[in-house]
Structures are given as structure tokens and as C-alpha cells.
Amino acid sequence: MHLYWIVFFTTSVMFYLWWLRYYLSVFEFFMPVLIVMLMINIYFDEGLSRVGLRPSSFRGCFSDYGEQLAGVSILLLWGIFMAGNLSKLINYESASFLFRYILVGFVQQYFVNGFLVNRLAGFYGNECNKNISLITGFIFGLIHLPNLFLMIVTGLGGYLCANIFLKYRNLYFNGLSHGVVAFLLFNAFPESITRHFAVGIKYFSN
């Protein structure tokens with residue numbers, strides 16, 4: 001049952017990115033998907049703590065991994081500075097983009113951790129199984145086909161975030177990290193490499 005839901009939602013997202021996006025908006029597709037996933041969480045008796053929606057563990061998570069997040073952010077900011085693009089980030093539009101990246105990052109972290117990790121933990125019957133993080137990273141990278149840059153970044157990020165989630169069960173830190181790092185990566189690398197973060201069929205028009 002757990003494996004079925006993993007395959008179903010992964011293929012559904014990829015189907016949207018490769019074809020259905022021309023017929024449905026992001027909101028029209030993903031809102032029903034998120035609602036169904038939440039219902040499945042409820043069906044398996046996964047409360048707020050299990051899904052990662054309780055903020056109480058944020059402090060411990062930030063204490064353990066905040067320095068790493070700051071280090072990666074500083075490294076990417078240095079790359080942006082060396083490329084001469086740092087001044088472009090200091091404006092209202094960039095702040096708005098950063099907020100949207102964090103919001104989208106939170107939603108994606110729910111899909112990756114609050115849903116996929118829990119389904120894999122249910123499938124293995126043991127959330128300490130090392131395959132959970134590996135498979136989570138693989139699936140998250142696979143969804144970003146055929147953008148090789150994003151596949152590598154999201155595959156590694158998915159693996160690391162799954163490990164953090166299994167330790168702290170906190171989506172807030174993961175969502176924040178996802179948004180900040182994605183925003184900085186977008187500005188640190190040229191579009192010839194990032195391809196404007198396009199995935200699915202849209203990749204070929206960028």
C-alpha cells in the first residue's frame with residue numbers, strides 16, 4: 001500500500017510536468033494532490049508531529065544544522081558577488097522572490113518528507129532503514145528530469161533533508177533551507193547551467 005502511493009504520486013507529478021501542465025495550472029493540479037496526501041497521512045494516523053508540522057523541534061534542528069546552512073549560503077553569496085550580481089539581490093523584488101522560494105520549498109519538503117519519507121518508513125517498517133534517505137533523494141532528483149543540474153542538486157538535497165527530517169521531524173527548517181539555497185543557487189549560476197530551473201517538457205523551451 002505504501003509503495004503504491006509512492007509510485008502513484010511520483011508518476012502523477014512527472015505526468016503533470018511533462019504533459020498536463022498545458023491544461024491545468026499549478027494551483028489546479030497541486031491543491032487536490034496536497035489534499036489527498038494529507039488525507040493519506042490522516043488515514044495512516046500520522047499526526048502533526050509525524051508529518052513534521054509541529055514547530056517545537058525547530059530550535060534543536062536549527063541548533064544542529066543552522067551553521068551548515070549559513071556556511072552554504074555564504075559560499076553561494078560569495079559566488080554571486082564574484083559574478084557581479086550581488087547588487088541585484090538587494091531590492092524588494094528579490095525579497096519577494098526569496099519569500100516565494102521558501103513557500104514553495106516548504107510545500108516540496110512536505111511532499112518529499114512529510115509524505116514520501118513516511119510512506120517509505122511504512123514500507124520498510126523501520127524508519128532507521130538507510131534506504132529511506134537514498135530512495136527519497138533518488139525520487140526527488142528523478143522528478144526534475146531532464147535538468148541535469150537540478151537532478152544532481154535536488155538528489156543530494158533530498159537525501160540530506162530526509163536525514164534531517166528523520167532526526168527532527170521538522171518541515172520548517174527544511175522548508176527554510178530549501179528556499180534559501182534554491183534562491184541563491186538560481187542567482188549564483190548562469191542560466192546556461194540552471195536552464196532557469198526548468199523541468200519536464202518546459203526544459204526544452206528554455
# chains A, B, ... in the order shown; residues from 1 in each chain; ligands from 1
call {"tool": "residues_around", "arguments": {"residues": "stretch 163-178 of chain A", "least_positions_apart": "4", "cutoff": "6 Å", "atoms": "only C-alpha atoms", "output": "ChimeraX atom specification"}}
result
/A:52,102,105-106,109,182
call {"tool": "write_last_selection", "arguments": {"atoms": "N, CA, C and O atoms", "output": "PDB file, in the first residue's frame"}}
result
ATOM      1  N   GLY A  52       5.665  16.452  10.565  1.00  0.00           N
ATOM      2  CA  GLY A  52       6.690  17.486  10.681  1.00  0.00           C
ATOM      3  C   GLY A  52       6.157  18.891  10.808  1.00  0.00           C
ATOM      4  O   GLY A  52       6.875  19.862  10.568  1.00  0.00           O
ATOM      5  N   ILE A 102      10.895  30.148  -0.450  1.00  0.00           N
ATOM      6  CA  ILE A 102      10.740  29.485   0.851  1.00  0.00           C
ATOM      7  C   ILE A 102       9.368  28.813   0.949  1.00  0.00           C
ATOM      8  O   ILE A 102       9.257  27.684   1.436  1.00  0.00           O
ATOM      9  N   GLY A 105       9.448  25.870  -1.255  1.00  0.00           N
ATOM     10  CA  GLY A 105      10.344  24.907  -0.623  1.00  0.00           C
ATOM     11  C   GLY A 105       9.652  24.141   0.483  1.00  0.00           C
ATOM     12  O   GLY A 105       9.840  22.931   0.631  1.00  0.00           O
ATOM     13  N   PHE A 106       8.825  24.849   1.259  1.00  0.00           N
ATOM     14  CA  PHE A 106       8.087  24.192   2.335  1.00  0.00           C
ATOM     15  C   PHE A 106       7.114  23.152   1.775  1.00  0.00           C
ATOM     16  O   PHE A 106       7.017  22.034   2.294  1.00  0.00           O
ATOM     17  N   GLN A 109       9.049  20.209   0.530  1.00  0.00           N
ATOM     18  CA  GLN A 109       9.559  19.412   1.646  1.00  0.00           C
ATOM     19  C   GLN A 109       8.458  18.578   2.290  1.00  0.00           C
ATOM     20  O   GLN A 109       8.718  17.481   2.788  1.00  0.00           O
ATOM     21  N   ALA A 182      17.882  27.283  -2.771  1.00  0.00           N
ATOM     22  CA  ALA A 182      17.386  27.326  -4.153  1.00  0.00           C
ATOM     23  C   ALA A 182      17.485  28.744  -4.719  1.00  0.00           C
ATOM     24  O   ALA A 182      17.910  28.946  -5.865  1.00  0.00           O
TER      25      ALA A 182
END
call {"tool": "residues_around", "arguments": {"residues": "stretch 80-88 of chain A", "least_positions_apart": "5", "cutoff": "10 Å", "atoms": "only C-alpha atoms", "output": "CSV table (one decimal) with C-alpha atoms, in the first residue's frame"}}
result
chain,number,residue,atom,x,y,z
A,74,ILE,CA,27.8,32.4,2.5
A,75,LEU,CA,29.6,30.3,-0.1
A,93,GLU,CA,11.7,42.1,-6.0
A,94,SER,CA,14.4,39.8,-4.7
A,184,LEU,CA,20.9,31.5,-4.0
A,185,LEU,CA,21.7,28.7,-6.5
A,186,PHE,CA,19.4,30.4,-9.0
A,187,ASN,CA,21.4,33.6,-8.7
A,188,ALA,CA,24.9,32.0,-8.3
A,189,PHE,CA,24.9,30.1,-11.6
A,190,PRO,CA,24.3,31.3,-15.1
call {"tool": "residues_around", "arguments": {"residues": "stretch 120-124 of chain A", "least_positions_apart": "6", "cutoff": "9 Å", "atoms": "only C-alpha atoms", "output": "PyMOL selection string"}}
result
chain A and resi 1-3+6+131-132+135-136
call {"tool": "residues_around", "arguments": {"residues": "A:Phe29", "least_positions_apart": "4", "cutoff": "9 Å", "atoms": "only C-alpha atoms", "output": "NGL selection string"}}
result
:A and (13 or 16 or 20-21 or 24-25 or 33)
call {"tool": "closest_residue", "arguments": {"among": "A:Tyr92, A:Tyr110, A:Tyr101, A:Phe15", "to": "A:Leu145", "atoms": "only C-alpha atoms"}}
result
A:Phe15
call {"tool": "atom_distance", "arguments": {"atom1": "atom CA of A:Tyr22", "atom2": "atom CA of A:Leu98"}}
result
26.1 Å
call {"tool": "closest_residue", "arguments": {"among": "A:Ala162, A:Asp64, A:Leu148, A:Thr10", "to": "A:Asn129", "atoms": "only C-alpha atoms"}}
result
A:Ala162
call {"tool": "select_by_dssp", "arguments": {"residues": "stretch 39-188 of chain A", "states": "helix (DSSP H, G or I)", "output": "MDAnalysis selection string"}}
result
chainID A and resid 39:43 48:51 55:82 86:89 92:124 131:143 148:168 171:188
call {"tool": "atom_distance", "arguments": {"atom1": "atom CA of A:Gly155", "atom2": "atom CA of A:Leu77"}}
result
21.9 Å
call {"tool": "closest_residue", "arguments": {"among": "A:Leu53, A:Val107, A:Leu89, A:Ile152", "to": "A:Ile35", "atoms": "only C-alpha atoms"}}
result
A:Val107
call {"tool": "closest_residue", "arguments": {"among": "A:Leu17, A:Val117, A:Val26, A:Leu160", "to": "A:Tyr203", "atoms": "only C-alpha atoms"}}
result
A:Leu17
call {"tool": "decode", "arguments": {"residues": "stretch 36-129 of chain A", "atoms": "C-alpha atoms", "output": "PDB file, in the first residue's frame"}}
result
ATOM      1  CA  VAL A  36      -5.234  13.777  -0.962  1.00  0.00           C
ATOM      2  CA  MET A  37      -1.744  13.372   0.507  1.00  0.00           C
ATOM      3  CA  LEU A  38      -2.886  14.947   3.772  1.00  0.00           C
ATOM      4  CA  MET A  39      -5.863  12.581   3.828  1.00  0.00           C
ATOM      5  CA  ILE A  40      -3.468   9.649   3.398  1.00  0.00           C
ATOM      6  CA  ASN A  41      -1.380  10.958   6.303  1.00  0.00           C
ATOM      7  CA  ILE A  42      -4.552  11.003   8.395  1.00  0.00           C
ATOM      8  CA  TYR A  43      -5.526   7.526   7.216  1.00  0.00           C
ATOM      9  CA  PHE A  44      -2.201   6.155   8.446  1.00  0.00           C
ATOM     10  CA  ASP A  45      -2.673   8.016  11.735  1.00  0.00           C
ATOM     11  CA  GLU A  46       0.262  10.359  11.116  1.00  0.00           C
ATOM     12  CA  GLY A  47      -0.368  13.427  13.239  1.00  0.00           C
ATOM     13  CA  LEU A  48       1.290  16.844  13.157  1.00  0.00           C
ATOM     14  CA  SER A  49       4.484  15.585  14.791  1.00  0.00           C
ATOM     15  CA  ARG A  50       4.844  12.655  12.410  1.00  0.00           C
ATOM     16  CA  VAL A  51       4.285  14.847   9.360  1.00  0.00           C
ATOM     17  CA  GLY A  52       6.690  17.486  10.681  1.00  0.00           C
ATOM     18  CA  LEU A  53       4.255  20.322  11.258  1.00  0.00           C
ATOM     19  CA  ARG A  54       4.941  20.907  14.949  1.00  0.00           C
ATOM     20  CA  PRO A  55       7.341  23.866  15.306  1.00  0.00           C
ATOM     21  CA  SER A  56       8.679  22.723  18.700  1.00  0.00           C
ATOM     22  CA  SER A  57      11.635  20.827  17.195  1.00  0.00           C
ATOM     23  CA  PHE A  58      12.771  23.775  15.055  1.00  0.00           C
ATOM     24  CA  ARG A  59      15.138  25.134  17.708  1.00  0.00           C
ATOM     25  CA  GLY A  60      17.058  21.882  18.097  1.00  0.00           C
ATOM     26  CA  CYS A  61      17.161  21.368  14.334  1.00  0.00           C
ATOM     27  CA  PHE A  62      18.451  24.898  13.733  1.00  0.00           C
ATOM     28  CA  SER A  63      20.992  24.496  16.521  1.00  0.00           C
ATOM     29  CA  ASP A  64      22.421  21.381  14.863  1.00  0.00           C
ATOM     30  CA  TYR A  65      22.252  22.434  11.214  1.00  0.00           C
ATOM     31  CA  GLY A  66      21.986  26.240  11.194  1.00  0.00           C
ATOM     32  CA  GLU A  67      25.749  26.658  10.858  1.00  0.00           C
ATOM     33  CA  GLN A  68      25.838  24.363   7.840  1.00  0.00           C
ATOM     34  CA  LEU A  69      23.010  26.329   6.227  1.00  0.00           C
ATOM     35  CA  ALA A  70      24.825  29.597   6.939  1.00  0.00           C
ATOM     36  CA  GLY A  71      28.067  28.183   5.510  1.00  0.00           C
ATOM     37  CA  VAL A  72      26.428  27.065   2.258  1.00  0.00           C
ATOM     38  CA  SER A  73      24.605  30.402   1.983  1.00  0.00           C
ATOM     39  CA  ILE A  74      27.815  32.400   2.467  1.00  0.00           C
ATOM     40  CA  LEU A  75      29.604  30.277  -0.126  1.00  0.00           C
ATOM     41  CA  LEU A  76      26.831  30.871  -2.657  1.00  0.00           C
ATOM     42  CA  LEU A  77      26.708  34.596  -1.825  1.00  0.00           C
ATOM     43  CA  TRP A  78      30.441  34.751  -2.473  1.00  0.00           C
ATOM     44  CA  GLY A  79      29.845  33.155  -5.871  1.00  0.00           C
ATOM     45  CA  ILE A  80      27.131  35.709  -6.608  1.00  0.00           C
ATOM     46  CA  PHE A  81      29.483  38.514  -5.526  1.00  0.00           C
ATOM     47  CA  MET A  82      32.292  37.218  -7.754  1.00  0.00           C
ATOM     48  CA  ALA A  83      29.865  37.103 -10.674  1.00  0.00           C
ATOM     49  CA  GLY A  84      28.996  40.759 -10.020  1.00  0.00           C
ATOM     50  CA  ASN A  85      25.344  40.020  -9.281  1.00  0.00           C
ATOM     51  CA  LEU A  86      25.171  40.739  -5.560  1.00  0.00           C
ATOM     52  CA  SER A  87      23.646  44.195  -6.045  1.00  0.00           C
ATOM     53  CA  LYS A  88      20.719  42.610  -7.910  1.00  0.00           C
ATOM     54  CA  LEU A  89      19.637  40.792  -4.731  1.00  0.00           C
ATOM     55  CA  ILE A  90      19.262  43.919  -2.614  1.00  0.00           C
ATOM     56  CA  ASN A  91      15.803  45.065  -3.659  1.00  0.00           C
ATOM     57  CA  TYR A  92      12.121  44.438  -2.995  1.00  0.00           C
ATOM     58  CA  GLU A  93      11.693  42.125  -5.984  1.00  0.00           C
ATOM     59  CA  SER A  94      14.426  39.785  -4.744  1.00  0.00           C
ATOM     60  CA  ALA A  95      12.890  39.730  -1.267  1.00  0.00           C
ATOM     61  CA  SER A  96       9.578  38.761  -2.842  1.00  0.00           C
ATOM     62  CA  PHE A  97      11.253  36.004  -4.857  1.00  0.00           C
ATOM     63  CA  LEU A  98      13.006  34.706  -1.731  1.00  0.00           C
ATOM     64  CA  PHE A  99       9.693  34.529   0.137  1.00  0.00           C
ATOM     65  CA  ARG A 100       8.143  32.552  -2.731  1.00  0.00           C
ATOM     66  CA  TYR A 101      11.120  30.197  -2.870  1.00  0.00           C
ATOM     67  CA  ILE A 102      10.740  29.485   0.851  1.00  0.00           C
ATOM     68  CA  LEU A 103       6.986  28.919   0.497  1.00  0.00           C
ATOM     69  CA  VAL A 104       7.447  26.565  -2.466  1.00  0.00           C
ATOM     70  CA  GLY A 105      10.344  24.907  -0.623  1.00  0.00           C
ATOM     71  CA  PHE A 106       8.087  24.192   2.335  1.00  0.00           C
ATOM     72  CA  VAL A 107       5.454  22.593   0.101  1.00  0.00           C
ATOM     73  CA  GLN A 108       8.071  20.479  -1.681  1.00  0.00           C
ATOM     74  CA  GLN A 109       9.559  19.412   1.646  1.00  0.00           C
ATOM     75  CA  TYR A 110       6.121  18.241   2.741  1.00  0.00           C
ATOM     76  CA  PHE A 111       5.896  16.100  -0.395  1.00  0.00           C
ATOM     77  CA  VAL A 112       9.440  14.756  -0.001  1.00  0.00           C
ATOM     78  CA  ASN A 113       9.489  14.220   3.768  1.00  0.00           C
ATOM     79  CA  GLY A 114       6.030  14.555   5.281  1.00  0.00           C
ATOM     80  CA  PHE A 115       4.701  12.176   2.650  1.00  0.00           C
ATOM     81  CA  LEU A 116       7.393  10.178   0.789  1.00  0.00           C
ATOM     82  CA  VAL A 117       9.628   9.529   3.801  1.00  0.00           C
ATOM     83  CA  ASN A 118       6.628   8.389   5.839  1.00  0.00           C
ATOM     84  CA  ARG A 119       5.487   6.061   3.076  1.00  0.00           C
ATOM     85  CA  LEU A 120       8.970   4.568   2.782  1.00  0.00           C
ATOM     86  CA  ALA A 121       9.195   4.194   6.558  1.00  0.00           C
ATOM     87  CA  GLY A 122       5.864   2.366   6.447  1.00  0.00           C
ATOM     88  CA  PHE A 123       7.031   0.183   3.577  1.00  0.00           C
ATOM     89  CA  TYR A 124      10.229  -0.852   5.370  1.00  0.00           C
ATOM     90  CA  GLY A 125       8.530  -0.970   8.753  1.00  0.00           C
ATOM     91  CA  ASN A 126      11.523   0.822  10.211  1.00  0.00           C
ATOM     92  CA  GLU A 127      12.379   4.491   9.768  1.00  0.00           C
ATOM     93  CA  CYS A 128      16.029   3.778  10.644  1.00  0.00           C
ATOM     94  CA  ASN A 129      16.499   1.934   7.341  1.00  0.00           C
TER      95      ASN A 129
END
